[in-house]
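Shown here: entry.pdb, PDB, C-alpha atoms.
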ATOM      1  CA  MET W 277      71.331  72.701  77.709
ATOM      2  CA  SER W 278      70.319  70.945  74.519
ATOM      3  CA  ALA W 279      69.268  72.788  71.378
ATOM      4  CA  ASP W 280      65.668  71.667  71.883
ATOM      5  CA  ASN W 281      65.649  72.927  75.463
ATOM      6  CA  ILE W 282      66.970  76.304  74.295
ATOM      7  CA  LYS W 283      64.175  76.496  71.730
ATOM      8  CA  GLY W 284      61.653  75.637  74.430
ATOM      9  CA  LEU W 285      63.142  78.240  76.767
ATOM     10  CA  VAL W 286      62.946  80.975  74.125
ATOM     11  CA  LEU W 287      59.365  80.036  73.269
ATOM     12  CA  ALA W 288      58.353  80.004  76.936
ATOM     13  CA  LEU W 289      59.927  83.417  77.570
ATOM     14  CA  SER W 290      58.223  84.789  74.474
ATOM     15  CA  SER W 291      54.934  83.330  75.676
ATOM     16  CA  SER W 292      55.223  85.109  79.039
ATOM     17  CA  LEU W 293      56.022  88.394  77.320
ATOM     18  CA  PHE W 294      53.042  88.187  74.961
ATOM     19  CA  ILE W 295      50.586  87.012  77.608
ATOM     20  CA  GLY W 296      51.721  89.608  80.147
ATOM     21  CA  ALA W 297      51.402  92.383  77.569
ATOM     22  CA  SER W 298      48.004  91.105  76.418
ATOM     23  CA  PHE W 299      46.469  91.844  79.828
ATOM     24  CA  ILE W 300      47.444  95.497  79.507
ATOM     25  CA  ILE W 301      46.446  95.880  75.854
ATOM     26  CA  LYS W 302      43.083  94.254  76.471
ATOM     27  CA  LYS W 303      42.401  96.437  79.497
ATOM     28  CA  LYS W 304      43.228  99.581  77.523
ATOM     29  CA  GLY W 305      40.809  98.346  74.878
ATOM     30  CA  LEU W 306      38.157  97.655  77.538
ATOM     31  CA  LYS W 307      38.542 101.153  79.001
ATOM     32  CA  LYS W 308      38.356 102.719  75.559
ATOM     33  CA  ALA W 309      35.248 100.696  74.697
ATOM     34  CA  ALA W 310      33.618 101.602  78.033
ATOM     35  CA  SER W 311      33.852 105.290  77.182
ATOM     36  CA  SER W 312      31.434 104.809  74.288
ATOM     37  CA  GLY W 313      29.381 101.810  75.362
ATOM     38  CA  VAL W 314      28.387  99.488  78.207
ATOM     39  CA  ARG W 315      31.285  98.239  80.340
ATOM     40  CA  ALA W 316      32.157  94.546  80.220
ATOM     41  CA  GLY W 317      32.063  94.484  84.016
ATOM     42  CA  ILE W 318      28.307  95.078  84.000
ATOM     43  CA  GLY W 319      27.448  92.820  81.086
ATOM     44  CA  GLY W 320      28.364  94.909  78.052
ATOM     45  CA  TYR W 321      30.056  93.589  74.924
ATOM     46  CA  SER W 322      31.026  96.852  73.238
ATOM     47  CA  TYR W 323      34.682  95.786  73.525
ATOM     48  CA  LEU W 324      34.054  93.366  70.655
ATOM     49  CA  TYR W 325      33.936  96.417  68.361
ATOM     50  CA  GLU W 326      37.167  97.845  69.771
ATOM     51  CA  PRO W 327      40.252  97.077  67.586
ATOM     52  CA  LEU W 328      42.629  97.537  70.532
ATOM     53  CA  TRP W 329      40.888  94.743  72.442
ATOM     54  CA  TRP W 330      41.322  92.438  69.464
ATOM     55  CA  VAL W 331      45.021  93.347  69.338
ATOM     56  CA  GLY W 332      45.230  92.232  72.943
ATOM     57  CA  MET W 333      43.342  89.044  72.151
ATOM     58  CA  MET W 334      45.644  88.238  69.249
ATOM     59  CA  THR W 335      48.642  88.950  71.479
ATOM     60  CA  MET W 336      47.308  86.474  74.021
ATOM     61  CA  ILE W 337      46.689  83.866  71.321
ATOM     62  CA  VAL W 338      50.266  84.259  70.068
ATOM     63  CA  GLY W 339      51.482  83.789  73.632
ATOM     64  CA  GLU W 340      49.379  80.674  74.142
ATOM     65  CA  VAL W 341      50.557  79.192  70.844
ATOM     66  CA  ALA W 342      54.168  79.854  71.840
ATOM     67  CA  ASN W 343      53.526  78.227  75.208
ATOM     68  CA  PHE W 344      51.959  75.192  73.534
ATOM     69  CA  ALA W 345      54.906  74.921  71.144
ATOM     70  CA  ALA W 346      57.386  75.198  74.030
ATOM     71  CA  TYR W 347      56.108  71.929  75.474
ATOM     72  CA  ALA W 348      56.997  70.216  72.203
ATOM     73  CA  PHE W 349      60.668  71.083  72.687
ATOM     74  CA  ALA W 350      61.265  71.245  76.440
ATOM     75  CA  PRO W 351      59.947  69.405  79.516
ATOM     76  CA  ALA W 352      57.153  70.884  81.615
ATOM     77  CA  ILE W 353      59.527  71.385  84.538
ATOM     78  CA  LEU W 354      61.312  74.012  82.442
ATOM     79  CA  VAL W 355      58.373  75.618  80.641
ATOM     80  CA  THR W 356      55.601  75.873  83.220
ATOM     81  CA  PRO W 357      57.388  77.932  85.931
ATOM     82  CA  LEU W 358      58.259  80.563  83.344
ATOM     83  CA  GLY W 359      54.561  81.374  83.051
ATOM     84  CA  ALA W 360      54.962  83.289  86.318
ATOM     85  CA  LEU W 361      56.985  85.884  84.411
ATOM     86  CA  SER W 362      53.768  87.090  82.775
ATOM     87  CA  ILE W 363      52.656  88.321  86.207
ATOM     88  CA  ILE W 364      55.730  90.495  86.609
ATOM     89  CA  ILE W 365      55.463  91.787  83.052
ATOM     90  CA  SER W 366      51.797  92.727  83.412
ATOM     91  CA  ALA W 367      52.418  94.408  86.782
ATOM     92  CA  VAL W 368      55.290  96.501  85.392
ATOM     93  CA  LEU W 369      53.367  97.471  82.264
ATOM     94  CA  ALA W 370      50.278  98.296  84.343
ATOM     95  CA  HIS W 371      52.374 100.660  86.462
ATOM     96  CA  VAL W 372      53.906 102.325  83.400
ATOM     97  CA  MET W 373      50.983 102.373  80.966
ATOM     98  CA  LEU W 374      47.871 102.349  83.171
ATOM     99  CA  ARG W 375      49.241 104.229  86.182
ATOM    100  CA  GLU W 376      47.971 101.481  88.450
ATOM    101  CA  LYS W 377      49.645 101.248  91.853
ATOM    102  CA  LEU W 378      50.380  98.207  93.981
ATOM    103  CA  HIS W 379      51.038  98.433  97.724
ATOM    104  CA  ILE W 380      54.315  97.051  99.078
ATOM    105  CA  PHE W 381      52.418  94.162 100.666
ATOM    106  CA  GLY W 382      50.806  93.546  97.311
ATOM    107  CA  ILE W 383      54.285  93.203  95.827
ATOM    108  CA  LEU W 384      55.111  90.723  98.588
ATOM    109  CA  GLY W 385      51.916  88.886  97.711
ATOM    110  CA  CYS W 386      53.041  88.678  94.078
ATOM    111  CA  VAL W 387      56.377  87.235  95.180
ATOM    112  CA  LEU W 388      54.671  84.650  97.392
ATOM    113  CA  CYS W 389      52.328  83.683  94.568
ATOM    114  CA  VAL W 390      55.215  83.179  92.173
ATOM    115  CA  VAL W 391      57.289  81.248  94.730
ATOM    116  CA  GLY W 392      54.387  79.006  95.687
ATOM    117  CA  SER W 393      53.385  78.276  92.105
ATOM    118  CA  THR W 394      56.979  77.597  91.111
ATOM    119  CA  THR W 395      57.426  75.255  94.077
ATOM    120  CA  ILE W 396      54.403  73.215  93.033
ATOM    121  CA  VAL W 397      55.369  73.042  89.377
ATOM    122  CA  LEU W 398      59.013  72.169  90.019
ATOM    123  CA  HIS W 399      58.007  69.231  92.196
ATOM    124  CA  ALA W 400      55.272  67.995  89.893
ATOM    125  CA  PRO W 401      55.773  64.480  88.509
ATOM    126  CA  PRO W 402      56.618  63.782  84.862
ATOM    127  CA  GLU W 403      53.723  63.301  82.481
ATOM    128  CA  ARG W 404      52.572  59.779  81.742
ATOM    129  CA  GLU W 405      52.880  58.338  78.268
ATOM    130  CA  ILE W 406      49.647  58.466  76.248
ATOM    131  CA  GLU W 407      49.314  56.500  73.022
ATOM    132  CA  SER W 408      45.728  57.286  71.982
ATOM    133  CA  VAL W 409      43.053  59.906  72.603
ATOM    134  CA  THR W 410      40.764  57.065  73.697
ATOM    135  CA  GLU W 411      43.152  56.453  76.581
ATOM    136  CA  VAL W 412      42.711  60.066  77.690
ATOM    137  CA  TRP W 413      38.939  59.678  77.370
ATOM    138  CA  ASP W 414      39.071  56.636  79.650
ATOM    139  CA  LEU W 415      40.962  58.681  82.240
ATOM    140  CA  ALA W 416      38.498  61.572  81.931
ATOM    141  CA  THR W 417      35.479  59.300  82.442
ATOM    142  CA  GLU W 418      36.774  57.577  85.566
ATOM    143  CA  PRO W 419      34.633  58.235  88.684
ATOM    144  CA  ALA W 420      37.218  60.419  90.452
ATOM    145  CA  PHE W 421      37.574  62.945  87.641
ATOM    146  CA  MET W 422      33.866  62.851  86.827
ATOM    147  CA  CYS W 423      33.188  63.851  90.457
ATOM    148  CA  TYR W 424      35.743  66.664  90.191
ATOM    149  CA  ALA W 425      34.202  67.916  86.938
ATOM    150  CA  ALA W 426      30.721  67.793  88.471
ATOM    151  CA  VAL W 427      31.859  69.795  91.521
ATOM    152  CA  VAL W 428      33.563  72.370  89.278
ATOM    153  CA  ILE W 429      30.461  72.790  87.131
ATOM    154  CA  VAL W 430      28.167  73.128  90.165
ATOM    155  CA  ILE W 431      30.402  75.724  91.853
ATOM    156  CA  ALA W 432      30.840  77.660  88.602
ATOM    157  CA  VAL W 433      27.076  77.730  88.008
ATOM    158  CA  ILE W 434      26.445  78.906  91.591
ATOM    159  CA  LEU W 435      29.059  81.646  91.207
ATOM    160  CA  VAL W 436      27.625  82.812  87.878
ATOM    161  CA  TYR W 437      23.946  82.863  88.842
ATOM    162  CA  ARG W 438      24.134  83.588  92.570
ATOM    163  CA  PHE W 439      27.305  85.509  93.428
ATOM    164  CA  VAL W 440      28.195  87.378  90.238
ATOM    165  CA  PRO W 441      25.050  89.579  90.320
ATOM    166  CA  LEU W 442      25.602  90.388  94.019
ATOM    167  CA  TYR W 443      29.368  90.564  94.466
ATOM    168  CA  GLY W 444      30.934  90.515  90.980
ATOM    169  CA  GLN W 445      31.631  94.257  90.991
ATOM    170  CA  THR W 446      33.221  94.310  94.469
ATOM    171  CA  HIS W 447      34.980  90.966  94.983
ATOM    172  CA  VAL W 448      37.702  89.988  92.517
ATOM    173  CA  MET W 449      37.600  86.330  93.577
ATOM    174  CA  ILE W 450      34.144  85.858  92.006
ATOM    175  CA  TYR W 451      35.129  86.504  88.388
ATOM    176  CA  ILE W 452      38.547  84.895  88.816
ATOM    177  CA  GLY W 453      36.973  81.885  90.497
ATOM    178  CA  VAL W 454      34.798  81.204  87.458
ATOM    179  CA  CYS W 455      37.777  81.612  85.112
ATOM    180  CA  SER W 456      40.003  79.310  87.173
ATOM    181  CA  LEU W 457      37.447  76.567  87.752
ATOM    182  CA  VAL W 458      36.459  76.395  84.097
ATOM    183  CA  GLY W 459      40.109  76.767  83.110
ATOM    184  CA  SER W 460      41.133  73.607  84.964
ATOM    185  CA  ILE W 461      38.703  71.619  82.817
ATOM    186  CA  SER W 462      39.779  73.387  79.641
ATOM    187  CA  VAL W 463      43.459  72.556  80.229
ATOM    188  CA  MET W 464      42.675  68.854  80.569
ATOM    189  CA  SER W 465      40.751  69.048  77.297
ATOM    190  CA  VAL W 466      43.499  71.065  75.603
ATOM    191  CA  LYS W 467      45.995  68.450  76.739
ATOM    192  CA  ALA W 468      43.848  65.693  75.260
ATOM    193  CA  LEU W 469      43.433  67.637  72.021
ATOM    194  CA  GLY W 470      47.181  68.320  71.884
ATOM    195  CA  ILE W 471      47.911  64.620  72.295
ATOM    196  CA  ALA W 472      45.468  63.826  69.507
ATOM    197  CA  LEU W 473      47.096  66.337  67.150
ATOM    198  CA  LYS W 474      50.605  65.180  68.057
ATOM    199  CA  LEU W 475      49.713  61.552  67.348
ATOM    200  CA  THR W 476      47.954  62.560  64.130
ATOM    201  CA  PHE W 477      50.993  64.475  62.865
ATOM    202  CA  SER W 478      53.195  61.497  63.746
ATOM    203  CA  GLY W 479      51.118  59.223  61.498
ATOM    204  CA  THR W 480      48.426  57.837  63.812
ATOM    205  CA  ASN W 481      45.215  59.594  62.824
ATOM    206  CA  GLN W 482      43.164  60.531  65.909
ATOM    207  CA  LEU W 483      40.656  62.719  64.065
ATOM    208  CA  ILE W 484      38.557  59.669  63.254
ATOM    209  CA  TYR W 485      37.650  59.218  66.908
ATOM    210  CA  PRO W 486      34.570  61.048  68.263
ATOM    211  CA  GLN W 487      36.448  61.638  71.539
ATOM    212  CA  THR W 488      38.753  64.077  69.748
ATOM    213  CA  TRP W 489      35.826  66.221  68.660
ATOM    214  CA  ALA W 490      34.187  65.948  72.076
ATOM    215  CA  PHE W 491      37.337  67.376  73.668
ATOM    216  CA  THR W 492      37.339  70.100  71.002
ATOM    217  CA  LEU W 493      33.805  71.169  71.946
ATOM    218  CA  VAL W 494      34.746  71.275  75.628
ATOM    219  CA  VAL W 495      37.778  73.428  74.830
ATOM    220  CA  ILE W 496      35.711  75.921  72.819
ATOM    221  CA  SER W 497      32.992  76.173  75.490
ATOM    222  CA  CYS W 498      35.467  76.590  78.352
ATOM    223  CA  VAL W 499      37.642  79.156  76.548
ATOM    224  CA  ILE W 500      34.626  81.321  75.671
ATOM    225  CA  THR W 501      33.517  81.256  79.317
ATOM    226  CA  GLN W 502      37.016  82.040  80.557
ATOM    227  CA  MET W 503      37.437  84.994  78.220
ATOM    228  CA  ASN W 504      34.041  86.425  79.130
ATOM    229  CA  TYR W 505      34.697  86.502  82.870
ATOM    230  CA  LEU W 506      38.351  87.420  82.518
ATOM    231  CA  ASN W 507      37.238  90.495  80.560
ATOM    232  CA  LYS W 508      34.837  91.366  83.377
ATOM    233  CA  ALA W 509      37.626  91.012  85.939
ATOM    234  CA  LEU W 510      40.054  93.155  83.931
ATOM    235  CA  ASP W 511      37.420  95.818  83.352
ATOM    236  CA  THR W 512      36.495  96.008  87.041
ATOM    237  CA  PHE W 513      39.707  95.492  89.032
ATOM    238  CA  ASN W 514      43.360  96.469  89.032
ATOM    239  CA  THR W 515      45.370  94.539  86.422
ATOM    240  CA  ALA W 516      48.300  94.022  88.813
ATOM    241  CA  VAL W 517      45.877  92.199  91.121
ATOM    242  CA  VAL W 518      43.908  90.229  88.522
ATOM    243  CA  SER W 519      47.006  88.722  86.894
ATOM    244  CA  PRO W 520      48.627  87.122  89.991
ATOM    245  CA  ILE W 521      45.364  85.856  91.489
ATOM    246  CA  TYR W 522      44.241  84.404  88.172
ATOM    247  CA  TYR W 523      47.635  82.772  87.664
ATOM    248  CA  THR W 524      47.772  81.219  91.124
ATOM    249  CA  MET W 525      44.184  79.963  91.214
ATOM    250  CA  PHE W 526      44.349  78.698  87.653
ATOM    251  CA  THR W 527      47.677  76.922  88.275
ATOM    252  CA  SER W 528      46.515  75.379  91.551
ATOM    253  CA  LEU W 529      43.246  74.045  90.174
ATOM    254  CA  THR W 530      44.909  72.813  86.993
ATOM    255  CA  ILE W 531      47.477  70.839  88.989
ATOM    256  CA  LEU W 532      44.678  69.435  91.156
ATOM    257  CA  ALA W 533      42.737  68.384  88.059
ATOM    258  CA  SER W 534      45.852  66.779  86.603
ATOM    259  CA  VAL W 535      46.522  64.916  89.860
ATOM    260  CA  ILE W 536      43.004  63.504  89.809
ATOM    261  CA  MET W 537      42.799  62.711  86.114
ATOM    262  CA  PHE W 538      46.336  61.488  85.447
ATOM    263  CA  LYS W 539      47.005  60.205  89.007
ATOM    264  CA  ASP W 540      50.248  62.138  89.250
ATOM    265  CA  TRP W 541      50.680  61.596  92.995
ATOM    266  CA  ASP W 542      50.787  57.820  92.490
ATOM    267  CA  ARG W 543      54.250  58.324  91.026
ATOM    268  CA  GLN W 544      55.546  60.592  93.821
ATOM    269  CA  ASN W 545      57.053  60.066  97.234
ATOM    270  CA  PRO W 546      55.678  61.698 100.418
ATOM    271  CA  THR W 547      58.404  64.362 100.444
ATOM    272  CA  GLN W 548      57.422  65.617  97.009
ATOM    273  CA  ILE W 549      53.742  65.674  97.940
ATOM    274  CA  VAL W 550      54.408  67.608 101.173
ATOM    275  CA  THR W 551      56.526  70.108  99.245
ATOM    276  CA  GLU W 552      53.662  70.655  96.814
ATOM    277  CA  MET W 553      51.263  71.233  99.713
ATOM    278  CA  CYS W 554      53.666  73.821 101.130
ATOM    279  CA  GLY W 555      53.491  75.502  97.736
ATOM    280  CA  PHE W 556      49.703  75.648  98.045
ATOM    281  CA  VAL W 557      49.997  77.313 101.477
ATOM    282  CA  THR W 558      52.423  79.860 100.025
ATOM    283  CA  ILE W 559      50.006  80.607  97.198
ATOM    284  CA  LEU W 560      47.137  81.082  99.641
ATOM    285  CA  SER W 561      49.282  83.488 101.689
ATOM    286  CA  GLY W 562      50.141  85.538  98.622
ATOM    287  CA  THR W 563      46.528  85.605  97.462
ATOM    288  CA  PHE W 564      45.423  86.793 100.910
ATOM    289  CA  LEU W 565      47.921  89.659 100.869
ATOM    290  CA  LEU W 566      46.846  90.693  97.383
ATOM    291  CA  HIS W 567      43.176  90.569  98.286
ATOM    292  CA  LYS W 568      43.618  92.653 101.440
ATOM    293  CA  THR W 569      45.926  95.317  99.985
ATOM    294  CA  LYS W 570      44.677  95.746  96.419
ATOM    295  CA  ASP W 571      42.937  99.058  97.190
ATOM    296  CA  MET W 572      45.910 100.548  99.052
ATOM    297  CA  ALA W 573      48.382 103.018  97.538
ATOM    298  CA  ASP W 574      51.981 103.355  98.626
ATOM    299  CA  GLY W 575      52.310 105.914 101.384
ATOM    300  CA  LEU W 576      48.512 106.214 101.858
ATOM    301  CA  PRO W 577      47.617 103.672 104.544
ATOM    302  CA  THR W 578      44.433 105.227 105.866
ATOM    303  CA  SER W 579      41.040 104.499 104.392
ATOM    304  CA  SER W 580      40.278 108.175 103.881
ATOM    305  CA  SER W 581      43.532 108.723 102.029
ATOM    306  CA  VAL W 582      42.908 105.650  99.913
ATOM    307  CA  ARG W 583      39.424 106.891  99.108
ATOM    308  CA  PHE W 584      40.718 110.306  98.097
ATOM    309  CA  SER W 585      43.473 108.772  95.959
ATOM    310  CA  LYS W 586      41.079 106.417  94.186
ATOM    311  CA  GLN W 587      38.573 109.247  93.706
ATOM    312  CA  THR W 588      41.260 111.328  91.988
ATOM    313  CA  ASP W 589      42.380 108.475  89.733
ATOM    314  CA  ASN W 590      38.853 107.392  88.859
ATOM    315  CA  ASP W 591      37.652 110.928  88.161
ATOM    316  CA  SER W 592      40.452 111.329  85.637
ATOM    317  CA  GLU W 593      39.579 108.028  83.976
ATOM    318  CA  GLY W 594      35.791 108.356  84.105
ATOM    319  CA  ILE W 595      35.380 105.265  86.312
ATOM    320  CA  PRO W 596      32.785 105.284  89.120
ATOM    321  CA  LEU W 597      34.330 105.295  92.586
ATOM    322  CA  ARG W 598      34.031 102.189  94.740
ATOM    323  CA  SER W 599      34.564 102.692  98.471
ATOM    324  CA  SER W 600      37.293 100.765 100.251
ATOM    325  CA  GLU W 601      34.618  98.918 102.200
ATOM    326  CA  SER W 602      33.269  97.355  99.026
ATOM    327  CA  PHE W 603      36.557  95.545  98.427
ATOM    328  CA  ARG W 604      36.414  93.582 101.650
ATOM    329  CA  SER W 605      35.546  89.907 101.652
ATOM    330  CA  PRO W 606      32.259  88.873 103.252
ATOM    331  CA  HIS W 607      32.642  87.232 106.663
TER
END
Whole structure given in structure tokens:
Amino acid sequence: MSADNIKGLVLALSSSLFIGASFIIKKKGLKKAASSGVRAGIGGYSYLYEPLWWVGMMTMIVGEVANFAAYAFAPAILVTPLGALSIIISAVLAHVMLREKLHIFGILGCVLCVVGSTTIVLHAPPEREIESVTEVWDLATEPAFMCYAAVVIVIAVILVYRFVPLYGQTHVMIYIGVCSLVGSISVMSVKALGIALKLTFSGTNQLIYPQTWAFTLVVISCVITQMNYLNKALDTFNTAVVSPIYYTMFTSLTILASVIMFKDWDRQNPTQIVTEMCGFVTILSGTFLLHKTKDMADGLPTSSSVRFSKQTDNDSEGIPLRSSESFRSPH
């Protein structure tokens, strides 16, 4: 392994550690803020005055910066799969620090999510060479990606204004869906902005192009939306469930967006494409297990036992009890 690859590996591992820990720190800050104000899960913003939440936010920013820097030293095939480690870190810390439990099938779901995501990433094609931010803008304004962006915006708006008020407090996929959909657009914009900065630092100024600033505005808007609904998800649901589902949905939609925008599958053979699709099926299986077992505690399989266990935990934490029925997906 080259010296640059080692640097990239260390940065990627550090990124996973910081990001995984940030979920726990932010949730502790959200719980602390909820004790003296309106919870984020029901529209409150009292967490903005909680120093612990800002520690978690800064931890996440450090992790994202480390992840961004890792791509400058090592290829994506090395860096991206390591992001799955943040799931394991957050689950372990949630068990130790937040006393959150995850059923054995939930653990299996985590494993399937990680395996599926890793399978997709490892078989993803190499990135195409980009020489100007205007080239990225041309790719982003092609009909295929414009249709994808329009569909994402429409679904996100429907989720926010139709489903969030009705099911946001009982169905984890609502909040995470908004985060993941918007996140797929933000990553494409971050990638464009990163290319612009890289070219600028190498001597070709990209800051003179309006496309650079347009991508910057998209990044800011998308990140604010992501953080808002991620906070709601963390404040409402188990951290060990939010982290894997968010990771898998975000990764899947980001790869889909990249395939459409950068035409990645044009440079792949059928075997690679089929392998990626198998990864998607594995992710869906893991997500299903997590969604169906997230309100189950080890050794307490019955609904009455689960209800009693959750009542005990929630009474001690001052969190209103939600019945096991409220966690089920609508048919």
request  = Return the single residue from W:Ile531, W:Ser291, W:Ser465, W:Val494 that is closest to Leu415 of chain W, with distances computed using all atoms listed in the file.
outcome  =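 Of W:Ile531, W:Ser291, W:Ser465, W:Val494, the one nearest Leu415 of chain W, counting all atoms listed in the file, is W:Ser465.
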message = Calculated over only C-alpha atoms, which of the candidates W:Glu340, W:Glu326, W:Glu376, W:Asp542 has the smallest distance to Leu293 of chain W?
response = W:Glu340
ask   = Ala472 of chain W: which residues within 10 Å, counting all atoms listed in the file, same-chain residues fewer than 5 positions away excluded, as a list in words?
value =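 Result of the neighbour search: Ile406, Glu407, Ser408, Val409, Thr410, Val412, Val466, Lys467, Phe477, Ser478, Thr480, Asn481, Gln482, Leu483, Tyr485, Gln487, Thr488, Trp489 and Phe491 of chain W.
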Neighbour list for Cys386 of chain W as a list in words, cut-off 10 Å, only C-alpha atoms, skip fewer than 5 positions in-chain = Ala360, Ile363, Ile364, Ala367, Leu378, Ile380, Phe381, Val391, Gly392, Ala516, Val517, Ser519, Pro520, Ile521, Thr524, Ile559, Ser561, Gly562, Thr563, Leu565 and Leu566 of chain W
Chain and number of each residue from the PyMOL selection byres ((chain W and resi 424) around 12), as an mmCIF file with C-alpha atoms, in the frame of the given file:
data_model
loop_
_atom_site.group_PDB
_atom_site.id
_atom_site.type_symbol
_atom_site.label_atom_id
_atom_site.label_comp_id
_atom_site.auth_asym_id
_atom_site.auth_seq_id
_atom_site.Cartn_x
_atom_site.Cartn_y
_atom_site.Cartn_z
ATOM 1 C CA ALA W 416 38.498 61.572 81.931
ATOM 2 C CA THR W 417 35.479 59.300 82.442
ATOM 3 C CA GLU W 418 36.774 57.577 85.566
ATOM 4 C CA PRO W 419 34.633 58.235 88.684
ATOM 5 C CA ALA W 420 37.218 60.419 90.452
ATOM 6 C CA PHE W 421 37.574 62.945 87.641
ATOM 7 C CA MET W 422 33.866 62.851 86.827
ATOM 8 C CA CYS W 423 33.188 63.851 90.457
ATOM 9 C CA ALA W 425 34.202 67.916 86.938
ATOM 10 C CA ALA W 426 30.721 67.793 88.471
ATOM 11 C CA VAL W 427 31.859 69.795 91.521
ATOM 12 C CA VAL W 428 33.563 72.370 89.278
ATOM 13 C CA ILE W 429 30.461 72.790 87.131
ATOM 14 C CA VAL W 430 28.167 73.128 90.165
ATOM 15 C CA ILE W 431 30.402 75.724 91.853
ATOM 16 C CA LEU W 457 37.447 76.567 87.752
ATOM 17 C CA VAL W 458 36.459 76.395 84.097
ATOM 18 C CA SER W 460 41.133 73.607 84.964
ATOM 19 C CA ILE W 461 38.703 71.619 82.817
ATOM 20 C CA LEU W 529 43.246 74.045 90.174
ATOM 21 C CA THR W 530 44.909 72.813 86.993
ATOM 22 C CA LEU W 532 44.678 69.435 91.156
ATOM 23 C CA ALA W 533 42.737 68.384 88.059
ATOM 24 C CA SER W 534 45.852 66.779 86.603
ATOM 25 C CA VAL W 535 46.522 64.916 89.860
ATOM 26 C CA ILE W 536 43.004 63.504 89.809
ATOM 27 C CA MET W 537 42.799 62.711 86.114
#
query = What does the distance from atom CA of Ala346 of chain W to atom CA of Lys474 of chain W come to in Å, to one decimal?
reply = 13.5 Å
task = Find, counting all atoms listed in the file, the residue in W:Met336, W:Val454, W:Ile301, W:Leu287 that gets nearest to Met373 of chain W.
result =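 Of all the options, W:Ile301 lies closest to Met373 of chain W.
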Around the point (50.8, 90.2, 76.0) (coordinates from the file), which residues reach within 7 Å if we count only C-alpha atoms? Answer as an mmCIF file with C-alpha atoms, keeping the file's coordinate frame.
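Result file is point.cif:
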data_model
loop_
_atom_site.group_PDB
_atom_site.id
_atom_site.type_symbol
_atom_site.label_atom_id
_atom_site.label_comp_id
_atom_site.auth_asym_id
_atom_site.auth_seq_id
_atom_site.Cartn_x
_atom_site.Cartn_y
_atom_site.Cartn_z
ATOM 1 C CA LEU W 293 56.022 88.394 77.320
ATOM 2 C CA PHE W 294 53.042 88.187 74.961
ATOM 3 C CA ILE W 295 50.586 87.012 77.608
ATOM 4 C CA GLY W 296 51.721 89.608 80.147
ATOM 5 C CA ALA W 297 51.402 92.383 77.569
ATOM 6 C CA SER W 298 48.004 91.105 76.418
ATOM 7 C CA PHE W 299 46.469 91.844 79.828
ATOM 8 C CA GLY W 332 45.230 92.232 72.943
ATOM 9 C CA THR W 335 48.642 88.950 71.479
ATOM 10 C CA MET W 336 47.308 86.474 74.021
ATOM 11 C CA GLY W 339 51.482 83.789 73.632
#
inquiry  = Could you check the closest approach to Gln548 of chain W for each of W:Val448, W:Val372, W:Leu398, W:Val387 and tell me which residue wins, using all atoms listed in the file?
reply    =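 The shortest atom-to-atom distance to Gln548 of chain W comes from W:Leu398.
Between atom CA of Tyr325 of chain W and atom CA of Lys303 of chain W the separation is 14.0 Å.
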request  = Rounded to one decimal place, report the atom CA of Thr527 of chain W-atom CA of Leu358 of chain W distance in Å.
outcome  = 12.2 Å
query = Taking into account all atoms listed in the file, which residue in the set W:Leu369, W:Leu510, W:Leu384, W:Ala468 is nearest to Gln445 of chain W?
reply =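 Once distances to Gln445 of chain W are computed over all atoms listed in the file, the minimum belongs to W:Leu510.
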message = Ranking W:Ala370, W:Tyr443, W:His379, W:His399 by minimum distance to Thr547 of chain W and counting only C-alpha atoms, which one comes first?
response =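 Of the candidates, the smallest distance to Thr547 of chain W is held by W:His399.
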Starting from the displayed file, determine the output of the PyMOL selection byres ((chain W and resi 450) around 12) and express the residue list as a CSV table (one decimal) with C-alpha atoms, in the frame of the given file.
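Final output, result.csv:
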chain,number,residue,atom,x,y,z
W,317,GLY,CA,32.1,94.5,84.0
W,431,ILE,CA,30.4,75.7,91.9
W,432,ALA,CA,30.8,77.7,88.6
W,433,VAL,CA,27.1,77.7,88.0
W,434,ILE,CA,26.4,78.9,91.6
W,435,LEU,CA,29.1,81.6,91.2
W,436,VAL,CA,27.6,82.8,87.9
W,437,TYR,CA,23.9,82.9,88.8
W,438,ARG,CA,24.1,83.6,92.6
W,439,PHE,CA,27.3,85.5,93.4
W,440,VAL,CA,28.2,87.4,90.2
W,441,PRO,CA,25.0,89.6,90.3
W,442,LEU,CA,25.6,90.4,94.0
W,443,TYR,CA,29.4,90.6,94.5
W,444,GLY,CA,30.9,90.5,91.0
W,445,GLN,CA,31.6,94.3,91.0
W,446,THR,CA,33.2,94.3,94.5
W,447,HIS,CA,35.0,91.0,95.0
W,448,VAL,CA,37.7,90.0,92.5
W,449,MET,CA,37.6,86.3,93.6
W,451,TYR,CA,35.1,86.5,88.4
W,452,ILE,CA,38.5,84.9,88.8
W,453,GLY,CA,37.0,81.9,90.5
W,454,VAL,CA,34.8,81.2,87.5
W,455,CYS,CA,37.8,81.6,85.1
W,456,SER,CA,40.0,79.3,87.2
W,457,LEU,CA,37.4,76.6,87.8
W,505,TYR,CA,34.7,86.5,82.9
W,506,LEU,CA,38.4,87.4,82.5
W,508,LYS,CA,34.8,91.4,83.4
W,509,ALA,CA,37.6,91.0,85.9
W,512,THR,CA,36.5,96.0,87.0
W,513,PHE,CA,39.7,95.5,89.0
W,518,VAL,CA,43.9,90.2,88.5
W,521,ILE,CA,45.4,85.9,91.5
W,522,TYR,CA,44.2,84.4,88.2
W,525,MET,CA,44.2,80.0,91.2
W,567,HIS,CA,43.2,90.6,98.3
W,603,PHE,CA,36.6,95.5,98.4
W,605,SER,CA,35.5,89.9,101.7
W,606,PRO,CA,32.3,88.9,103.3
